[in-house]
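Data block for final_27.cif (mmCIF, C-alpha atoms and all ligand atoms):
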data_my_file
#
loop_
_atom_site.label_atom_id
_atom_site.label_comp_id
_atom_site.auth_asym_id
_atom_site.auth_seq_id
_atom_site.Cartn_x
_atom_site.Cartn_y
_atom_site.Cartn_z
CA MET A 1 18.82 -0.08 3.34
CA GLN A 2 16.63 -3.18 3.38
CA ARG A 3 13.29 -2.76 5.19
CA GLU A 4 12.68 -5.05 8.13
CA ILE A 5 9.89 -7.58 7.46
CA PRO A 6 6.89 -6.73 9.69
CA ILE A 7 6.03 -9.32 12.36
CA ASP A 8 2.66 -10.23 10.82
CA GLN A 9 4.37 -10.96 7.49
CA GLN A 10 6.97 -13.12 9.24
CA LYS A 11 4.12 -15.02 10.88
CA LEU A 12 2.24 -15.45 7.61
CA LEU A 13 5.42 -16.67 5.93
CA LYS A 14 5.84 -19.31 8.65
CA LYS A 15 2.17 -20.25 8.31
CA THR A 16 2.49 -20.76 4.53
CA GLU A 17 5.61 -22.93 5.07
CA ILE A 18 3.67 -25.15 7.44
CA GLU A 19 0.71 -25.32 5.03
CA VAL A 20 2.93 -26.43 2.15
CA ARG A 21 4.57 -29.11 4.29
CA ARG A 22 1.24 -30.42 5.56
CA HIS A 23 -0.43 -30.50 2.14
CA GLN A 24 2.67 -32.08 0.58
CA GLU A 25 2.55 -34.90 3.14
CA GLU A 26 -1.17 -35.40 2.53
CA TYR A 27 -0.64 -35.44 -1.23
CA ASP A 28 2.34 -37.84 -1.03
CA HIS A 29 0.29 -40.13 1.15
CA LEU A 30 -2.69 -40.20 -1.26
CA LYS A 31 -0.99 -40.26 -4.60
CA HIS A 32 -0.34 -44.02 -4.47
CA LYS A 33 -3.87 -44.93 -3.48
CA ASP A 34 -6.30 -45.16 -6.38
CA ASP A 35 -9.29 -45.75 -4.16
CA TYR A 36 -8.99 -42.27 -2.60
CA LEU A 37 -9.64 -40.51 -5.89
CA GLU A 38 -11.69 -37.56 -4.63
CA GLU A 39 -9.39 -36.95 -1.69
CA TYR A 40 -6.41 -37.15 -4.02
CA TRP A 41 -7.72 -34.31 -6.21
CA GLU A 42 -8.64 -32.26 -3.16
CA ALA A 43 -5.13 -32.74 -1.73
CA ARG A 44 -3.61 -31.78 -5.06
CA ARG A 45 -5.71 -28.59 -5.24
CA SER A 46 -4.84 -27.67 -1.66
CA LEU A 47 -1.13 -28.23 -2.27
CA LYS A 48 -1.19 -25.99 -5.35
CA HIS A 49 -2.99 -23.28 -3.41
CA ALA A 50 -0.56 -23.54 -0.48
CA ARG A 51 2.42 -23.31 -2.85
CA ARG A 52 1.00 -20.16 -4.49
CA ARG A 53 0.49 -18.51 -1.11
CA HIS A 54 4.04 -19.43 -0.15
CA LEU A 55 5.43 -18.11 -3.42
CA TYR A 56 3.56 -14.84 -2.85
CA MET A 57 5.36 -14.49 0.49
CA THR A 58 8.81 -15.56 -0.72
CA GLY A 59 8.99 -14.73 -4.43
CA PHE A 60 6.71 -11.81 -5.23
CA GLU A 61 9.06 -10.56 -7.97
CA GLU A 62 9.04 -14.03 -9.50
CA MET A 63 5.25 -13.95 -9.58
CA TYR A 64 5.13 -10.46 -11.10
CA PRO A 65 8.26 -10.24 -13.27
CA ASP A 66 9.20 -7.70 -15.95
CA ARG A 67 7.68 -9.83 -18.72
CA TYR A 68 4.27 -9.73 -16.99
CA TYR A 69 4.18 -5.91 -17.20
CA GLU A 70 5.85 -5.74 -20.58
CA LYS A 71 2.97 -7.88 -21.87
CA ARG A 72 0.35 -5.78 -20.05
CA ASN A 73 1.87 -2.69 -21.61
CA ARG A 74 1.47 -4.16 -25.09
CA ARG A 75 -1.87 -5.90 -24.62
CA VAL A 76 -4.03 -4.20 -22.02
CA ARG A 77 -2.83 -0.69 -21.37
CA LYS A 78 -4.72 0.92 -24.26
CA TRP A 79 -8.15 -0.48 -23.45
CA GLU A 80 -7.65 -0.04 -19.69
CA ARG A 81 -6.95 3.63 -20.33
CA GLU A 82 -10.22 3.81 -22.28
CA LEU A 83 -12.12 2.16 -19.43
CA GLY A 84 -10.48 4.61 -17.02
CA GLN A 85 -11.66 7.51 -19.16
CA ILE A 86 -15.20 6.11 -19.08
CA ILE A 87 -15.03 5.90 -15.24
CA GLY A 88 -13.89 9.53 -15.12
CA GLU A 89 -16.62 10.73 -17.47
CA THR A 90 -19.45 8.63 -16.02
CA PHE A 91 -18.91 9.85 -12.47
CA ALA A 92 -17.22 13.22 -13.17
CA VAL A 93 -14.28 12.08 -11.01
CA LYS A 94 -12.30 14.97 -9.53
CA SER A 95 -9.47 12.93 -8.04
CA ALA A 96 -8.66 9.21 -7.91
CA VAL A 97 -6.42 6.80 -6.07
CA ASP A 98 -5.87 3.31 -7.49
CA PHE A 99 -4.80 0.46 -5.18
CA GLY A 100 -2.78 -2.12 -7.16
CA CYS A 101 -2.51 0.15 -10.17
CA ALA A 102 0.14 -1.83 -12.13
CA LEU A 103 1.10 0.53 -15.02
CA GLY A 104 -1.38 3.19 -13.95
CA SER A 105 -3.46 2.76 -17.13
CA TYR A 106 -6.84 3.40 -15.50
CA LEU A 107 -5.41 6.52 -13.91
CA GLU A 108 -4.19 7.72 -17.29
CA GLY A 109 -7.76 7.45 -18.56
CA ILE A 110 -9.25 9.15 -15.51
CA ARG A 111 -6.79 11.97 -16.04
CA ASP A 112 -7.79 12.17 -19.74
CA ALA A 113 -11.35 12.66 -18.50
CA GLY A 114 -10.30 15.72 -16.52
CA ALA A 115 -9.42 14.56 -12.97
CA GLU A 116 -7.21 17.09 -11.23
CA LYS A 117 -5.25 14.64 -9.09
CA VAL A 118 -4.35 10.96 -9.36
CA LEU A 119 -2.27 8.54 -7.31
CA GLY A 120 -1.52 4.83 -7.67
CA PHE A 121 -0.10 2.25 -5.25
CA GLU A 122 1.61 -0.88 -6.51
CA LYS A 123 3.91 -3.42 -4.90
CA ALA A 124 5.77 -4.66 -7.99
CA GLU A 125 8.80 -2.60 -8.90
CA SER A 126 8.58 -3.88 -12.48
CA ALA A 127 5.12 -2.35 -12.91
CA ILE A 128 6.35 1.11 -12.07
CA LYS A 129 9.36 0.60 -14.33
CA PHE A 130 7.10 -0.16 -17.33
CA ALA A 131 4.62 2.63 -16.60
CA PRO A 132 4.62 5.47 -19.15
CA ASP A 133 6.72 8.50 -18.21
CA ALA A 134 3.66 10.74 -18.00
CA ILE A 135 2.04 8.71 -15.22
CA ARG A 136 5.08 7.24 -13.38
CA PRO A 137 5.55 10.26 -11.06
CA PHE A 138 2.07 9.56 -9.63
CA LEU A 139 2.74 5.89 -8.80
CA LYS A 140 4.18 4.79 -5.47
CA GLN A 141 5.50 1.46 -4.36
CA ALA A 142 3.49 0.13 -1.41
CA ASP A 143 2.17 -3.10 0.01
CA LEU A 144 -1.62 -3.09 0.21
CA GLY A 145 -1.44 -5.62 3.03
CA GLU A 146 -0.25 -2.72 5.20
CA SER A 147 -2.37 0.22 6.31
CA ILE A 148 -1.96 3.19 4.00
CA ASP A 149 -3.01 6.68 4.90
CA CYS A 150 -3.06 8.72 1.70
CA GLY A 151 -5.64 11.34 2.59
CA LYS A 152 -9.03 11.64 0.92
CA TRP A 153 -9.85 11.15 -2.76
CA ASP A 154 -13.09 11.65 -4.66
CA CYS A 155 -12.81 8.09 -5.96
CA ALA A 156 -10.82 5.14 -4.59
CA MET A 157 -10.53 2.13 -6.84
CA SER A 158 -9.01 -1.30 -7.20
CA ILE A 159 -9.40 -3.43 -10.31
CA GLU A 160 -8.65 -7.17 -10.25
CA VAL A 161 -6.25 -6.94 -7.30
CA ALA A 162 -8.22 -8.23 -4.28
CA GLU A 163 -7.91 -11.88 -5.34
CA HIS A 164 -4.12 -11.47 -5.56
CA ILE A 165 -3.75 -10.62 -1.87
CA PRO A 166 -3.65 -13.26 0.91
CA GLU A 167 -6.92 -13.61 2.81
CA GLU A 168 -5.13 -12.60 6.02
CA TYR A 169 -4.69 -9.09 4.56
CA ALA A 170 -8.15 -8.73 2.98
CA ASP A 171 -9.53 -6.55 5.79
CA ILE A 172 -6.59 -4.14 5.76
CA PHE A 173 -6.76 -3.97 1.97
CA VAL A 174 -10.49 -3.12 2.03
CA GLU A 175 -9.93 -0.54 4.78
CA ASN A 176 -7.25 1.16 2.66
CA LEU A 177 -9.90 1.81 0.02
CA ILE A 178 -12.52 2.86 2.53
CA PHE A 179 -10.26 5.33 4.33
CA ALA A 180 -9.19 6.91 1.04
CA ALA A 181 -12.67 7.33 -0.45
CA GLU A 182 -14.59 10.57 -0.10
CA ARG A 183 -17.44 9.69 -2.47
CA LEU A 184 -17.03 6.48 -4.49
CA ILE A 185 -15.28 3.12 -4.43
CA ILE A 186 -14.91 1.27 -7.71
CA PHE A 187 -13.94 -2.32 -7.16
CA THR A 188 -13.62 -5.56 -9.10
CA ALA A 189 -12.40 -8.94 -7.88
CA SER A 190 -12.21 -12.26 -9.65
CA GLN A 191 -13.78 -15.34 -8.10
CA ARG A 192 -11.75 -17.68 -10.32
CA SER A 193 -8.78 -19.61 -9.05
CA SER A 194 -5.56 -19.23 -11.05
CA HIS A 195 -1.79 -19.08 -10.74
CA ARG A 196 -1.79 -15.57 -9.20
CA HIS A 197 -5.24 -15.66 -7.59
CA ILE A 198 -4.59 -16.65 -4.01
CA ASN A 199 -7.88 -15.40 -2.56
CA PRO A 200 -10.68 -15.83 -5.11
CA GLN A 201 -14.03 -15.03 -3.47
CA LEU A 202 -17.66 -14.46 -4.42
CA PRO A 203 -18.89 -10.83 -4.63
CA GLU A 204 -20.87 -11.33 -1.38
CA TYR A 205 -17.60 -11.80 0.51
CA TRP A 206 -16.32 -8.38 -0.61
CA ILE A 207 -19.70 -6.64 -0.30
CA GLY A 208 -19.87 -7.91 3.29
CA LYS A 209 -16.49 -6.39 4.11
CA PHE A 210 -17.43 -2.96 2.72
CA VAL A 211 -20.94 -2.89 4.13
CA THR A 212 -19.93 -3.91 7.67
CA ARG A 213 -17.52 -0.97 7.62
CA GLY A 214 -20.23 1.58 6.79
CA CYS A 215 -20.15 1.72 2.97
CA SER A 216 -23.17 0.93 0.85
CA TYR A 217 -23.24 -1.12 -2.30
CA SER A 218 -24.90 0.84 -5.11
CA ASN A 219 -26.68 -1.34 -7.60
CA GLU A 220 -27.67 1.77 -9.55
CA LEU A 221 -24.09 3.03 -9.98
CA THR A 222 -22.79 -0.48 -10.66
CA GLN A 223 -25.31 -0.89 -13.49
CA LYS A 224 -24.54 2.60 -14.75
CA LEU A 225 -20.81 1.87 -15.10
CA ARG A 226 -21.44 -1.61 -16.51
CA LYS A 227 -23.59 -0.06 -19.23
CA ALA A 228 -21.08 2.71 -19.92
CA TRP A 229 -18.26 0.16 -20.27
CA LYS A 230 -20.39 -2.04 -22.54
CA ASP A 231 -21.50 0.94 -24.67
CA GLY A 232 -17.86 2.02 -24.81
CA GLY A 233 -16.96 -1.31 -26.45
CA CYS A 234 -15.53 -3.20 -23.46
CA ASN A 235 -15.37 -6.88 -24.40
CA ARG A 236 -13.75 -8.00 -21.14
CA PHE A 237 -16.94 -9.52 -19.81
CA TYR A 238 -15.28 -10.72 -16.62
CA LEU A 239 -14.61 -7.08 -15.66
CA ILE A 240 -18.21 -6.06 -16.30
CA PHE A 241 -19.38 -9.09 -14.34
CA ASN A 242 -16.97 -8.54 -11.42
CA LEU A 243 -17.68 -4.82 -11.05
CA MET A 244 -19.06 -3.40 -7.80
CA VAL A 245 -19.54 0.30 -7.01
CA PHE A 246 -19.85 1.43 -3.39
CA LEU A 247 -20.73 4.75 -1.83
CA ALA A 248 -18.14 5.88 0.69
CA GLN A 249 -18.92 5.35 4.37
CA ASP A 250 -21.18 7.94 5.92
CA GLU A 251 -19.95 7.57 9.48
CA LYS A 252 -16.21 7.86 9.80
CA LEU A 253 -14.46 4.93 11.42
CA ILE A 254 -11.33 5.45 13.46
CA ARG A 255 -8.36 3.56 12.15
CA LYS A 256 -5.97 1.84 14.51
CA GLU A 257 -2.48 2.44 13.16
CA PRO A 258 -1.78 3.58 9.63
CA VAL A 259 1.86 2.69 8.98
CA LEU A 260 2.51 4.51 5.76
CA ILE A 261 1.72 8.18 5.68
CA ASN A 262 1.51 9.63 2.19
CA ASN A 263 0.56 13.21 2.49
CA ASN A 264 0.05 13.88 -1.16
CA THR A 265 -0.29 17.64 -1.34
CA ASP A 266 2.54 17.59 -3.89
CA ILE A 267 0.73 15.16 -6.17
CA CYS A 268 -1.02 17.56 -8.47
CA LEU A 269 -1.13 17.71 -12.25
C1 LIG A 301 -4.11 -8.43 -12.25
S1 LIG A 301 -3.04 -7.14 -11.77
C2 LIG A 301 -4.18 -5.78 -11.93
C3 LIG A 301 -3.46 -4.48 -12.09
C4 LIG A 301 -4.35 -3.26 -12.42
N1 LIG A 301 -5.29 -2.97 -11.39
C5 LIG A 301 -5.03 -3.47 -13.73
O1 LIG A 301 -6.21 -3.80 -13.73
O2 LIG A 301 -4.34 -3.34 -14.75
C6 LIG A 301 -2.82 -7.34 -10.03
C7 LIG A 301 -1.82 -6.37 -9.46
O3 LIG A 301 -1.89 -6.42 -8.02
C8 LIG A 301 -0.60 -6.15 -7.54
N2 LIG A 301 -0.47 -6.61 -6.14
C9 LIG A 301 -0.58 -7.87 -5.67
N3 LIG A 301 -0.37 -7.88 -4.34
C10 LIG A 301 -0.12 -6.60 -3.97
C11 LIG A 301 0.16 -5.99 -2.73
N4 LIG A 301 0.23 -6.68 -1.58
N5 LIG A 301 0.37 -4.66 -2.71
C12 LIG A 301 0.30 -3.92 -3.86
N6 LIG A 301 0.03 -4.45 -5.06
C13 LIG A 301 -0.18 -5.78 -5.12
C14 LIG A 301 0.29 -6.94 -8.49
O4 LIG A 301 1.61 -6.50 -8.41
C15 LIG A 301 -0.38 -6.67 -9.83
O5 LIG A 301 0.19 -5.57 -10.48
#
Please render this file's structure as structure tokens.
Ligand SMILES: C[S@@+](CC[C@H](N)C(=O)[O-])C[C@H]1O[C@@H](n2cnc3c(N)ncnc32)[C@H](O)[C@@H]1O
Amino acid sequence: MQREIPIDQQKLLKKTEIEVRRHQEEYDHLKHKDDYLEEYWEARRSLKHARRRHLYMTGFEEMYPDRYYEKRNRRVRKWERELGQIIGETFAVKSAVDFGCALGSYLEGIRDAGAEKVLGFEKAESAIKFAPDAIRPFLKQADLGESIDCGKWDCAMSIEVAEHIPEEYADIFVENLIFAAERLIIFTASQRSSHRHINPQLPEYWIGKFVTRGCSYSNELTQKLRKAWKDGGCNRFYLIFNLMVFLAQDEKLIRKEPVLINNNTDICL
């Protein structure tokens, strides 16, 4: 049975339709006028951005098709697993939940390092399809723009996912991590604009969201993991650069309405 689209998603869909129409009109109006050069490029950029947001709402599978994950499986899974193992070893992670886990490669590595329990959430069906058999049972399909209650985990993480989620859902997404984390939050987010990056932001934007909700940014642990990744041979400098490690909130916040309850007592290795 097809799931009903939540009201806020219906509203965001409508909003992105209006944005595309408005930016298209602006662009059409400017494209014949040479003397508005700067405005022309601005209108072009805004139209592209509006179209990406709209595509995210209407054609998620088109944005994240099989070939995207097939390629990740061939090209990135091995080194992501190694980076996951370094996370596990550096912080002696006992259990981990990964928000936007794709093939679950980081979780594979964390498990290699001895974690007792792992869980991954991912929206794209194709990702779960291409995940290795050994990790697939621990991956669940979920939309990170909705509140997820998955219990408490020693480490909650999200690697290069935040920029893929519409700004309207950024708070819920951050809260999903915060509510899942018992001790640590490992987080990276790109600030670069690209085809799938619909909310690229500076680190301060994300740090602000975590800190105002009671977490603290740990420069010491961030540097520690950066060094461990570098010493472990990581040549993905954007990841090292984008990394932020937070300590879980000390005072517990009350959440309004978690919509997805994942009581994961069965998710053990
Ligand atoms: C660049 S990939 C990173 C995947 C993984 N963290 C890694 O580093 O290999 C971004 C992932 O975010 C997922 N994603 C985007 N929006 C999502 C949403 N609303 N809910 C769950 N996953 C989402 C995409 O499907 C994609 O697999």
Quick one: which chain A residues come within 6 Å of ligand LIG 301 (chain A), and what is the nearest atom pair for each with the distance in Å to one decimal, counting only C-alpha atoms and all ligand atoms, rows ordered by chain and ascending number, as a Markdown table?
| residue | atom | partner | partner_atom | distance |
| --- | --- | --- | --- | --- |
| A:Tyr64 | CA | A:LIG301 | O4 | 5.9 |
| A:Gly100 | CA | A:LIG301 | N6 | 4.2 |
| A:Cys101 | CA | A:LIG301 | N1 | 4.4 |
| A:Ala102 | CA | A:LIG301 | O5 | 4.1 |
| A:Glu122 | CA | A:LIG301 | N6 | 4.2 |
| A:Lys123 | CA | A:LIG301 | C12 | 3.8 |
| A:Ala124 | CA | A:LIG301 | O4 | 4.6 |
| A:Ala142 | CA | A:LIG301 | C12 | 5.7 |
| A:Asp143 | CA | A:LIG301 | N5 | 3.6 |
| A:Leu144 | CA | A:LIG301 | N5 | 3.9 |
| A:Gly145 | CA | A:LIG301 | N4 | 5.0 |
| A:Ser158 | CA | A:LIG301 | N1 | 5.8 |
| A:Ile159 | CA | A:LIG301 | N1 | 4.3 |
| A:Glu160 | CA | A:LIG301 | C2 | 5.0 |
| A:Val161 | CA | A:LIG301 | C6 | 4.4 |
| A:His164 | CA | A:LIG301 | C9 | 5.1 |
| A:Ile165 | CA | A:LIG301 | N3 | 5.0 |
Query raised in the report: So which residues touch region 11-14 of chain A within 9 Å, counting all atoms listed in the file, skipping near sequence neighbours fewer than 2 positions away, as a VMD selection string?
Result: chain A and resid 6 to 9 16 to 19 53 to 54 57 to 58 168
**Report entry** Proximity to Ala127 (chain A) - best of A:Leu139, A:Ile86, A:Leu243, A:Ala43, all atoms listed in the file
**Finding:** A:Leu139
Could you produce a table of the residues of region 170-192 of chain A lying within 7 Å of region 148-155 of chain A, with the nearest pair of atoms per residue and their separation in Å rounded to one decimal, using all atoms listed in the file, ordered by chain and increasing residue number, as CSV?
residue,atom,partner,partner_atom,distance
A:Asn176,CA,A:Ile148,CA,5.8
A:Ala180,CA,A:Lys152,CA,4.7
A:Ala181,CA,A:Trp153,CA,5.3
A:Glu182,CA,A:Asp154,CA,4.9
A:Arg183,CA,A:Asp154,CA,5.2
A:Leu184,CA,A:Cys155,CA,4.7
A:Ile185,CA,A:Cys155,CA,5.8
Query - Option closest in space to Pro132 (chain A), from A:Glu146, A:Glu62, A:Glu70, A:Glu82 [counting all atoms listed in the file] - result: A:Glu70
Query raised in the report: Which neighbours of Gly114 (chain A) fall inside 10 Å, counting only C-alpha atoms, when residues of the same chain fewer than 5 positions from it are skipped, and could you give them as a ChimeraX atom specification?
Result: /A:85,88-89,92-95,109
Dump of C-alpha atoms for the selected residues, as a tab-separated table (two decimals), in the frame of the given file:
chain	number	residue	atom	x	y	z
A	85	GLN	CA	-11.66	7.51	-19.16
A	88	GLY	CA	-13.89	9.53	-15.12
A	89	GLU	CA	-16.62	10.73	-17.47
A	92	ALA	CA	-17.22	13.22	-13.17
A	93	VAL	CA	-14.28	12.08	-11.01
A	94	LYS	CA	-12.30	14.97	-9.53
A	95	SER	CA	-9.47	12.93	-8.04
A	109	GLY	CA	-7.76	7.45	-18.56
Query raised in the report: For the atom pair CA of Gly232 (chain A) and CA of Leu83 (chain A), what is the interatomic distance in Å to one decimal place?
Result: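 It comes out at 7.9 Å.
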Query raised in the report: What does the distance between CA of Tyr56 (chain A) and CA of Val211 (chain A) come to in Å, to one decimal place?
Result: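 A separation of 28.1 Å between them.
Checking A:His29, A:His49, A:His23, A:Arg77 one by one against Asn199 (chain A), counting only C-alpha atoms, you find the shortest gap at A:His49.
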Query - Pick from A:Ser216, A:Asn73, A:Gln223, A:Thr90, whichever lies nearest to Ser126 (chain A) using all atoms listed in the file - result: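 Among A:Ser216, A:Asn73, A:Gln223, A:Thr90, it is A:Asn73 that comes nearest to Ser126 (chain A).
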Query - Selected residue of minimal separation from Lys117 (chain A) among A:Asp98, A:Asp133, A:Glu4, A:Glu25, counting all atoms listed in the file - result: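 Using all atoms listed in the file, the shortest distance to Lys117 (chain A) belongs to A:Asp98.
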**Report entry** Proximity to Lys209 (chain A) - best of A:Ala96, A:Ile128, A:Leu47, A:Leu177, all atoms listed in the file
**Finding:**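 Of the candidates, the smallest distance to Lys209 (chain A) is held by A:Leu177.
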Requested in this report: To one decimal in Å, tell me the separation between CA of Glu204 (chain A) and CA of Leu107 (chain A).
Outcome: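 That distance, rounded to one decimal, is 26.7 Å.
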